[in-house]
$ cat protein37.cif   # mmCIF, C-alpha atoms; chains and numbers go by the auth columns
data_entry
loop_
_atom_site.group_PDB
_atom_site.id
_atom_site.type_symbol
_atom_site.label_atom_id
_atom_site.label_comp_id
_atom_site.label_asym_id
_atom_site.label_seq_id
_atom_site.Cartn_x
_atom_site.Cartn_y
_atom_site.Cartn_z
_atom_site.B_iso_or_equiv
_atom_site.auth_seq_id
_atom_site.auth_asym_id
ATOM 1 C CA MET A 1 -14.662 176.208 -27.785 0.00 1 M
ATOM 2 C CA SER A 2 -14.011 173.996 -24.834 0.00 2 M
ATOM 3 C CA ALA A 3 -14.293 174.880 -21.170 0.00 3 M
ATOM 4 C CA TRP A 4 -11.906 171.946 -20.604 0.00 4 M
ATOM 5 C CA LYS A 5 -8.989 173.931 -22.026 0.00 5 M
ATOM 6 C CA ASP A 6 -9.603 176.420 -19.214 0.00 6 M
ATOM 7 C CA LYS A 7 -10.016 173.756 -16.495 0.00 7 M
ATOM 8 C CA GLU A 8 -7.339 175.262 -14.251 0.00 8 M
ATOM 9 C CA ASN A 9 -9.563 178.317 -13.855 0.00 9 M
ATOM 10 C CA ASP A 10 -12.691 176.388 -12.906 0.00 10 M
ATOM 11 C CA PRO A 11 -12.358 173.474 -10.458 0.00 11 M
ATOM 12 C CA ARG A 12 -15.941 172.387 -11.200 0.00 12 M
ATOM 13 C CA LEU A 13 -14.745 170.795 -14.454 0.00 13 M
ATOM 14 C CA GLU A 14 -12.532 168.238 -12.702 0.00 14 M
ATOM 15 C CA GLY A 15 -15.476 167.164 -10.540 0.00 15 M
ATOM 16 C CA ILE A 16 -17.683 166.793 -13.601 0.00 16 M
ATOM 17 C CA ALA A 17 -15.039 164.781 -15.459 0.00 17 M
ATOM 18 C CA SER A 18 -14.448 162.461 -12.523 0.00 18 M
ATOM 19 C CA ALA A 19 -18.208 161.788 -12.215 0.00 19 M
ATOM 20 C CA ILE A 20 -18.433 160.372 -15.767 0.00 20 M
ATOM 21 C CA ARG A 21 -17.994 156.597 -16.013 0.00 21 M
ATOM 22 C CA VAL A 22 -16.458 154.848 -19.034 0.00 22 M
ATOM 23 C CA VAL A 23 -18.112 151.545 -20.014 0.00 23 M
ATOM 24 C CA PRO A 24 -15.959 149.443 -22.381 0.00 24 M
ATOM 25 C CA ASN A 25 -17.536 147.621 -25.338 0.00 25 M
ATOM 26 C CA PHE A 26 -20.950 149.277 -25.088 0.00 26 M
ATOM 27 C CA PRO A 27 -23.174 149.275 -27.089 0.00 27 M
ATOM 28 C CA LYS A 28 -20.866 147.143 -29.219 0.00 28 M
ATOM 29 C CA PRO A 29 -17.269 145.895 -29.116 0.00 29 M
ATOM 30 C CA GLY A 30 -14.650 148.608 -29.459 0.00 30 M
ATOM 31 C CA ILE A 31 -16.835 151.469 -28.191 0.00 31 M
ATOM 32 C CA MET A 32 -15.724 153.145 -24.958 0.00 32 M
ATOM 33 C CA PHE A 33 -19.118 154.514 -23.861 0.00 33 M
ATOM 34 C CA LYS A 34 -19.078 157.726 -21.795 0.00 34 M
ATOM 35 C CA ASP A 35 -21.866 157.169 -19.256 0.00 35 M
ATOM 36 C CA ILE A 36 -23.355 160.349 -17.797 0.00 36 M
ATOM 37 C CA THR A 37 -25.735 158.444 -15.488 0.00 37 M
ATOM 38 C CA THR A 38 -23.008 158.440 -12.826 0.00 38 M
ATOM 39 C CA LEU A 39 -22.794 162.241 -13.218 0.00 39 M
ATOM 40 C CA LEU A 40 -26.530 162.409 -12.494 0.00 40 M
ATOM 41 C CA LEU A 41 -26.002 160.446 -9.267 0.00 41 M
ATOM 42 C CA ASP A 42 -23.699 163.203 -8.008 0.00 42 M
ATOM 43 C CA PRO A 43 -25.926 166.215 -7.228 0.00 43 M
ATOM 44 C CA ASN A 44 -22.971 168.582 -6.961 0.00 44 M
ATOM 45 C CA ALA A 45 -21.442 167.549 -10.312 0.00 45 M
ATOM 46 C CA PHE A 46 -24.871 167.610 -12.010 0.00 46 M
ATOM 47 C CA LYS A 47 -25.618 171.093 -10.632 0.00 47 M
ATOM 48 C CA ASN A 48 -22.195 172.337 -11.705 0.00 48 M
ATOM 49 C CA THR A 49 -22.803 171.004 -15.218 0.00 49 M
ATOM 50 C CA ILE A 50 -26.082 172.897 -15.533 0.00 50 M
ATOM 51 C CA ASP A 51 -24.621 176.007 -13.883 0.00 51 M
ATOM 52 C CA LEU A 52 -21.705 176.185 -16.343 0.00 52 M
ATOM 53 C CA PHE A 53 -24.083 176.109 -19.313 0.00 53 M
ATOM 54 C CA VAL A 54 -26.466 178.625 -17.721 0.00 54 M
ATOM 55 C CA GLU A 55 -23.548 180.973 -17.032 0.00 55 M
ATOM 56 C CA ARG A 56 -22.558 180.765 -20.690 0.00 56 M
ATOM 57 C CA TYR A 57 -26.025 181.258 -22.206 0.00 57 M
ATOM 58 C CA SER A 58 -27.771 183.683 -19.823 0.00 58 M
ATOM 59 C CA GLY A 59 -28.533 186.981 -21.492 0.00 59 M
ATOM 60 C CA LYS A 60 -27.554 185.744 -24.964 0.00 60 M
ATOM 61 C CA GLY A 61 -31.029 186.123 -26.508 0.00 61 M
ATOM 62 C CA ILE A 62 -31.677 182.410 -26.935 0.00 62 M
ATOM 63 C CA ASP A 63 -35.364 181.738 -27.585 0.00 63 M
ATOM 64 C CA ALA A 64 -35.277 177.939 -27.720 0.00 64 M
ATOM 65 C CA VAL A 65 -33.180 175.121 -26.316 0.00 65 M
ATOM 66 C CA ALA A 66 -33.477 171.985 -28.445 0.00 66 M
ATOM 67 C CA GLY A 67 -32.546 168.785 -26.634 0.00 67 M
ATOM 68 C CA VAL A 68 -31.622 165.623 -28.494 0.00 68 M
ATOM 69 C CA GLU A 69 -33.294 162.411 -27.275 0.00 69 M
ATOM 70 C CA ALA A 70 -32.602 161.053 -24.809 0.00 70 M
ATOM 71 C CA ARG A 71 -29.757 162.543 -22.815 0.00 71 M
ATOM 72 C CA GLY A 72 -30.283 166.034 -24.231 0.00 72 M
ATOM 73 C CA PHE A 73 -33.629 165.862 -22.391 0.00 73 M
ATOM 74 C CA ILE A 74 -31.727 165.706 -19.101 0.00 74 M
ATOM 75 C CA PHE A 75 -29.603 168.807 -19.638 0.00 75 M
ATOM 76 C CA GLY A 76 -31.786 170.894 -21.945 0.00 76 M
ATOM 77 C CA PRO A 77 -34.874 171.607 -19.791 0.00 77 M
ATOM 78 C CA PRO A 78 -33.055 173.016 -16.737 0.00 78 M
ATOM 79 C CA ILE A 79 -30.898 175.173 -19.012 0.00 79 M
ATOM 80 C CA ALA A 80 -33.990 176.409 -20.885 0.00 80 M
ATOM 81 C CA LEU A 81 -35.839 177.243 -17.650 0.00 81 M
ATOM 82 C CA ALA A 82 -32.844 179.062 -16.179 0.00 82 M
ATOM 83 C CA ILE A 83 -32.289 181.254 -19.251 0.00 83 M
ATOM 84 C CA GLY A 84 -35.988 181.879 -19.945 0.00 84 M
ATOM 85 C CA ALA A 85 -36.207 179.898 -23.182 0.00 85 M
ATOM 86 C CA LYS A 86 -38.631 177.256 -24.392 0.00 86 M
ATOM 87 C CA PHE A 87 -37.535 173.625 -24.618 0.00 87 M
ATOM 88 C CA ILE A 88 -37.933 171.706 -27.870 0.00 88 M
ATOM 89 C CA PRO A 89 -37.618 167.906 -27.727 0.00 89 M
ATOM 90 C CA LEU A 90 -35.916 166.379 -30.777 0.00 90 M
ATOM 91 C CA ARG A 91 -37.141 162.796 -30.731 0.00 91 M
ATOM 92 C CA LYS A 92 -36.604 159.438 -32.373 0.00 92 M
ATOM 93 C CA PRO A 93 -39.175 158.434 -35.045 0.00 93 M
ATOM 94 C CA ARG A 94 -42.814 157.906 -34.104 0.00 94 M
ATOM 95 C CA LYS A 95 -42.489 159.373 -30.590 0.00 95 M
ATOM 96 C CA LEU A 96 -44.111 162.770 -31.220 0.00 96 M
ATOM 97 C CA PRO A 97 -47.849 163.059 -31.875 0.00 97 M
ATOM 98 C CA GLY A 98 -48.965 165.377 -34.644 0.00 98 M
ATOM 99 C CA GLU A 99 -47.149 166.713 -37.677 0.00 99 M
ATOM 100 C CA VAL A 100 -43.356 166.438 -37.640 0.00 100 M
ATOM 101 C CA ILE A 101 -40.353 167.069 -39.840 0.00 101 M
ATOM 102 C CA SER A 102 -37.579 164.459 -39.928 0.00 102 M
ATOM 103 C CA GLU A 103 -33.846 164.326 -40.512 0.00 103 M
ATOM 104 C CA LYS A 104 -31.811 161.133 -40.987 0.00 104 M
ATOM 105 C CA TYR A 105 -28.192 160.964 -39.838 0.00 105 M
ATOM 106 C CA ILE A 106 -25.219 158.642 -39.393 0.00 106 M
ATOM 107 C CA LEU A 107 -23.935 157.654 -35.947 0.00 107 M
ATOM 108 C CA GLU A 108 -20.552 156.350 -34.850 0.00 108 M
ATOM 109 C CA TYR A 109 -22.117 152.858 -34.819 0.00 109 M
ATOM 110 C CA GLY A 110 -25.171 153.003 -37.138 0.00 110 M
ATOM 111 C CA SER A 111 -27.818 155.414 -38.402 0.00 111 M
ATOM 112 C CA ASP A 112 -30.917 157.035 -36.968 0.00 112 M
ATOM 113 C CA CYS A 113 -33.460 159.804 -37.440 0.00 113 M
ATOM 114 C CA LEU A 114 -34.628 162.813 -35.439 0.00 114 M
ATOM 115 C CA GLU A 115 -38.065 164.398 -35.548 0.00 115 M
ATOM 116 C CA MET A 116 -39.396 167.756 -34.380 0.00 116 M
ATOM 117 C CA HIS A 117 -42.933 169.086 -34.197 0.00 117 M
ATOM 118 C CA VAL A 118 -43.894 171.423 -37.011 0.00 118 M
ATOM 119 C CA GLY A 119 -44.276 174.861 -35.398 0.00 119 M
ATOM 120 C CA ALA A 120 -42.045 174.110 -32.393 0.00 120 M
ATOM 121 C CA VAL A 121 -39.691 176.863 -33.475 0.00 121 M
ATOM 122 C CA GLN A 122 -40.562 180.032 -35.349 0.00 122 M
ATOM 123 C CA PRO A 123 -38.567 181.619 -38.192 0.00 123 M
ATOM 124 C CA GLY A 124 -35.868 183.902 -36.835 0.00 124 M
ATOM 125 C CA GLU A 125 -35.792 182.426 -33.340 0.00 125 M
ATOM 126 C CA HIS A 126 -32.338 181.857 -31.867 0.00 126 M
ATOM 127 C CA ALA A 127 -31.788 178.252 -30.851 0.00 127 M
ATOM 128 C CA LEU A 128 -29.256 176.315 -28.811 0.00 128 M
ATOM 129 C CA VAL A 129 -28.816 172.566 -29.426 0.00 129 M
ATOM 130 C CA VAL A 130 -27.995 170.503 -26.320 0.00 130 M
ATOM 131 C CA ASP A 131 -26.813 166.897 -26.067 0.00 131 M
ATOM 132 C CA ASP A 132 -24.623 164.941 -23.696 0.00 132 M
ATOM 133 C CA LEU A 133 -21.848 164.050 -26.141 0.00 133 M
ATOM 134 C CA VAL A 134 -20.496 164.848 -29.591 0.00 134 M
ATOM 135 C CA ALA A 135 -18.695 162.015 -31.375 0.00 135 M
ATOM 136 C CA THR A 136 -18.919 162.022 -35.189 0.00 136 M
ATOM 137 C CA GLY A 137 -21.248 165.042 -35.265 0.00 137 M
ATOM 138 C CA GLY A 138 -24.112 163.307 -37.077 0.00 138 M
ATOM 139 C CA THR A 139 -26.710 163.851 -34.373 0.00 139 M
ATOM 140 C CA LEU A 140 -25.865 167.520 -33.929 0.00 140 M
ATOM 141 C CA CYS A 141 -25.918 168.071 -37.705 0.00 141 M
ATOM 142 C CA ALA A 142 -29.378 166.511 -37.891 0.00 142 M
ATOM 143 C CA ALA A 143 -30.568 168.768 -35.058 0.00 143 M
ATOM 144 C CA ILE A 144 -29.115 171.864 -36.742 0.00 144 M
ATOM 145 C CA ASN A 145 -30.743 170.896 -40.055 0.00 145 M
ATOM 146 C CA LEU A 146 -34.170 170.391 -38.444 0.00 146 M
ATOM 147 C CA LEU A 147 -34.078 173.753 -36.698 0.00 147 M
ATOM 148 C CA GLU A 148 -32.763 175.635 -39.728 0.00 148 M
ATOM 149 C CA ARG A 149 -35.316 174.035 -42.050 0.00 149 M
ATOM 150 C CA ALA A 150 -37.964 175.518 -39.729 0.00 150 M
ATOM 151 C CA GLY A 151 -36.313 178.950 -40.011 0.00 151 M
ATOM 152 C CA ALA A 152 -34.461 179.100 -36.688 0.00 152 M
ATOM 153 C CA GLN A 153 -30.952 180.451 -36.324 0.00 153 M
ATOM 154 C CA VAL A 154 -28.788 177.947 -34.465 0.00 154 M
ATOM 155 C CA VAL A 155 -26.518 180.016 -32.237 0.00 155 M
ATOM 156 C CA GLU A 156 -24.408 177.174 -30.863 0.00 156 M
ATOM 157 C CA CYS A 157 -24.327 173.512 -29.906 0.00 157 M
ATOM 158 C CA ALA A 158 -23.563 172.591 -26.299 0.00 158 M
ATOM 159 C CA CYS A 159 -22.401 169.186 -25.087 0.00 159 M
ATOM 160 C CA VAL A 160 -21.063 167.901 -21.805 0.00 160 M
ATOM 161 C CA ILE A 161 -18.461 165.677 -23.517 0.00 161 M
ATOM 162 C CA GLU A 162 -16.535 165.788 -26.800 0.00 162 M
ATOM 163 C CA LEU A 163 -14.582 162.917 -28.347 0.00 163 M
ATOM 164 C CA PRO A 164 -12.187 165.111 -30.386 0.00 164 M
ATOM 165 C CA GLU A 165 -10.499 162.206 -32.183 0.00 165 M
ATOM 166 C CA LEU A 166 -13.779 161.507 -34.044 0.00 166 M
ATOM 167 C CA LYS A 167 -13.736 165.042 -35.498 0.00 167 M
ATOM 168 C CA GLY A 168 -17.460 165.725 -35.035 0.00 168 M
ATOM 169 C CA ARG A 169 -16.774 169.430 -34.501 0.00 169 M
ATOM 170 C CA GLN A 170 -15.476 169.736 -38.074 0.00 170 M
ATOM 171 C CA LYS A 171 -18.768 168.402 -39.471 0.00 171 M
ATOM 172 C CA LEU A 172 -20.966 171.111 -37.937 0.00 172 M
ATOM 173 C CA ASN A 173 -20.714 173.414 -40.975 0.00 173 M
ATOM 174 C CA GLY A 174 -19.067 176.181 -38.972 0.00 174 M
ATOM 175 C CA LYS A 175 -21.603 176.199 -36.120 0.00 175 M
ATOM 176 C CA PRO A 176 -19.901 176.877 -32.803 0.00 176 M
ATOM 177 C CA LEU A 177 -19.622 173.982 -30.374 0.00 177 M
ATOM 178 C CA TYR A 178 -19.120 174.468 -26.647 0.00 178 M
ATOM 179 C CA VAL A 179 -18.132 171.470 -24.525 0.00 179 M
ATOM 180 C CA LEU A 180 -17.263 171.065 -20.878 0.00 180 M
ATOM 181 C CA ILE A 181 -15.103 167.914 -21.060 0.00 181 M
ATOM 182 C CA GLU A 182 -12.828 166.538 -23.762 0.00 182 M
ATOM 183 C CA SER A 183 -12.457 162.782 -23.512 0.00 183 M
ATOM 184 C CA HIS A 184 -9.947 160.577 -25.283 0.00 184 M
#
$ encode --input "protein37.cif" --output "structure tokens"
Amino acid sequence: MSAWKDKENDPRLEGIASAIRVVPNFPKPGIMFKDITTLLLDPNAFKNTIDLFVERYSGKGIDAVAGVEARGFIFGPPIALAIGAKFIPLRKPRKLPGEVISEKYILEYGSDCLEMHVGAVQPGEHALVVDDLVATGGTLCAAINLLERAGAQVVECACVIELPELKGRQKLNGKPLYVLIESH
């Protein structure tokens, strides 16, 4: 589902979209990088972004919000606090102390790995995965796999931006994806 399809009904979406900068050829030639740091410089657009997610997830029984390093750490904690859920950081390798489980995945322009603390989520807990952007879906799939291997039920994935032409949504094994902005 995409809030963007309903943008006429919520003027906040246009403000969010206009606050996102596109950086050509970053991190490598041919990539049109969607930069959310300009969104963060606009307090109104940033607040509206968080508010839209909180409105969607309040009262939905979500126990944990898992944020994907690094930009999921920006959006995940305020959402988790507002809906009364714990925040689980999903980090790059060797960033978490203690025992972790890992999941490798393929990116639009390479490969990587996510790690989560053992015991961060309990079996049966309802989890939301948060990141800034979904492209090919590899990062979100890795996050879903980590949480489900620990026994959580992933309720939905939430991203500020979707690049629909890369078909990441189709790779989420039927997990719902909610995005605010579709970018082409």
$ resolve_selection --input "protein37.cif" --expression "the PyMOL selection byres ((chain M and resi 11-17) around 8)" --output "list in words"
Ala3, Trp4, Lys7, Glu8, Asn9, Asp10, Ser18, Ala19, Ile20, Leu39, Ala45, Phe46, Asn48, Thr49, Leu180 and Ile181 of chain M
$ write_last_selection --input "protein37.cif" --atoms "C-alpha atoms" --output "JSON list (two decimals), in the frame of the given file"
[["chain", "number", "residue", "atom", "x", "y", "z"],
["M", 3, "ALA", "CA", -14.29, 174.88, -21.17],
["M", 4, "TRP", "CA", -11.91, 171.95, -20.60],
["M", 7, "LYS", "CA", -10.02, 173.76, -16.50],
["M", 8, "GLU", "CA", -7.34, 175.26, -14.25],
["M", 9, "ASN", "CA", -9.56, 178.32, -13.86],
["M", 10, "ASP", "CA", -12.69, 176.39, -12.91],
["M", 18, "SER", "CA", -14.45, 162.46, -12.52],
["M", 19, "ALA", "CA", -18.21, 161.79, -12.22],
["M", 20, "ILE", "CA", -18.43, 160.37, -15.77],
["M", 39, "LEU", "CA", -22.79, 162.24, -13.22],
["M", 45, "ALA", "CA", -21.44, 167.55, -10.31],
["M", 46, "PHE", "CA", -24.87, 167.61, -12.01],
["M", 48, "ASN", "CA", -22.20, 172.34, -11.70],
["M", 49, "THR", "CA", -22.80, 171.00, -15.22],
["M", 180, "LEU", "CA", -17.26, 171.06, -20.88],
["M", 181, "ILE", "CA", -15.10, 167.91, -21.06]]
$ closest_residue --input "protein37.cif" --among "M:Gly124, M:Pro29, M:Gly174, M:Pro78" --to "Gly61 (chain M)" --atoms "all atoms listed in the file"
M:Gly124
$ residues_around --input "protein37.cif" --residues "region 154-157 of chain M" --least-positions-apart "5" --cutoff "10 Å" --atoms "all atoms listed in the file" --output "PyMOL selection string"
chain M and resi 57+60-62+64-66+124-131+134+140-141+143-145+147-148+169+172+174-179
$ resolve_selection --input "protein37.cif" --expression "the PyMOL selection byres ((chain M and resi 54) around 10)" --output "count of residues only"
17
$ atom_distance --input "protein37.cif" --atom1 "CA of Val118 (chain M)" --atom2 "CA of Lys86 (chain M)"
14.9 Å
$ atom_distance --input "protein37.cif" --atom1 "CA of Ala120 (chain M)" --atom2 "CA of Ser2 (chain M)"
29.0 Å
$ atom_distance --input "protein37.cif" --atom1 "CA of Val160 (chain M)" --atom2 "CA of Phe33 (chain M)"
13.7 Å
$ residues_around --input "protein37.cif" --residues "Pro89 (chain M)" --least-positions-apart "2" --cutoff "8 Å" --atoms "all atoms listed in the file" --output "PyMOL selection string"
chain M and resi 66-69+73+87+91+116
$ closest_residue --input "protein37.cif" --among "M:Leu96, M:Leu90, M:Ile36, M:Leu163" --to "Gly76 (chain M)" --atoms "only C-alpha atoms"
M:Leu90
$ closest_residue --input "protein37.cif" --among "M:Ala135, M:Ile88, M:Met1, M:Cys113" --to "Ile31 (chain M)" --atoms "all atoms listed in the file"
M:Ala135
$ residues_around --input "protein37.cif" --residues "Gly110 (chain M)" --least-positions-apart "3" --cutoff "12 Å" --atoms "all atoms listed in the file" --output "JSON, numbers by chain"
{"M": [27, 28, 104, 105, 106, 107, 113, 136, 138, 139]}
$ resolve_selection --input "protein37.cif" --expression "the PyMOL selection byres ((chain M and resi 23) around 7)" --output "list in words"
Arg21, Val22, Pro24, Asn25, Phe26, Met32, Phe33, Lys34 and Asp35 of chain M
$ write_last_selection --input "protein37.cif" --atoms "C-alpha atoms" --output "compact mmCIF listing (two decimals), keeping the file's coordinate frame"
# COMPACT_ATOMS: atom_id res chain seq x y z
CA ARG M 21 -17.99 156.60 -16.01
CA VAL M 22 -16.46 154.85 -19.03
CA PRO M 24 -15.96 149.44 -22.38
CA ASN M 25 -17.54 147.62 -25.34
CA PHE M 26 -20.95 149.28 -25.09
CA MET M 32 -15.72 153.15 -24.96
CA PHE M 33 -19.12 154.51 -23.86
CA LYS M 34 -19.08 157.73 -21.80
CA ASP M 35 -21.87 157.17 -19.26
$ closest_residue --input "protein37.cif" --among "M:Gly151, M:Glu115, M:Gly72, M:Pro77" --to "Pro93 (chain M)" --atoms "all atoms listed in the file"
M:Glu115
$ closest_residue --input "protein37.cif" --among "M:Leu166, M:Ala142, M:Val100, M:Leu133" --to "Ala70 (chain M)" --atoms "all atoms listed in the file"
M:Leu133
$ closest_residue --input "protein37.cif" --among "M:Asn44, M:Ile161, M:Arg94, M:Gly168" --to "Glu182 (chain M)" --atoms "only C-alpha atoms"
M:Ile161
$ residues_around --input "protein37.cif" --residues "Ala150 (chain M)" --least-positions-apart "2" --cutoff "7 Å" --atoms "all atoms listed in the file" --output "number ranges by chain"
M: 121-123, 146-148, 152
$ decode --input "protein37.cif" --residues "region 162-175 of chain M" --atoms "C-alpha atoms" --output "PDB file, in the first residue's frame"
ATOM      1  CA  GLU M 162       9.722   3.286  -2.784  1.00  0.00           C
ATOM      2  CA  LEU M 163      11.433   2.895  -6.156  1.00  0.00           C
ATOM      3  CA  PRO M 164       8.653   0.812  -7.779  1.00  0.00           C
ATOM      4  CA  GLU M 165      10.559   0.146 -11.010  1.00  0.00           C
ATOM      5  CA  LEU M 166      13.045  -2.016  -9.047  1.00  0.00           C
ATOM      6  CA  LYS M 167      10.197  -4.300  -7.909  1.00  0.00           C
ATOM      7  CA  GLY M 168      11.392  -4.687  -4.307  1.00  0.00           C
ATOM      8  CA  ARG M 169       7.801  -5.012  -3.090  1.00  0.00           C
ATOM      9  CA  GLN M 170       7.399  -8.259  -5.048  1.00  0.00           C
ATOM     10  CA  LYS M 171      10.369  -9.820  -3.230  1.00  0.00           C
ATOM     11  CA  LEU M 172       8.920  -9.443   0.275  1.00  0.00           C
ATOM     12  CA  ASN M 173       7.248 -12.877   0.246  1.00  0.00           C
ATOM     13  CA  GLY M 174       3.779 -11.397   0.634  1.00  0.00           C
ATOM     14  CA  LYS M 175       4.619  -9.134   3.591  1.00  0.00           C
TER      15      LYS M 175
END
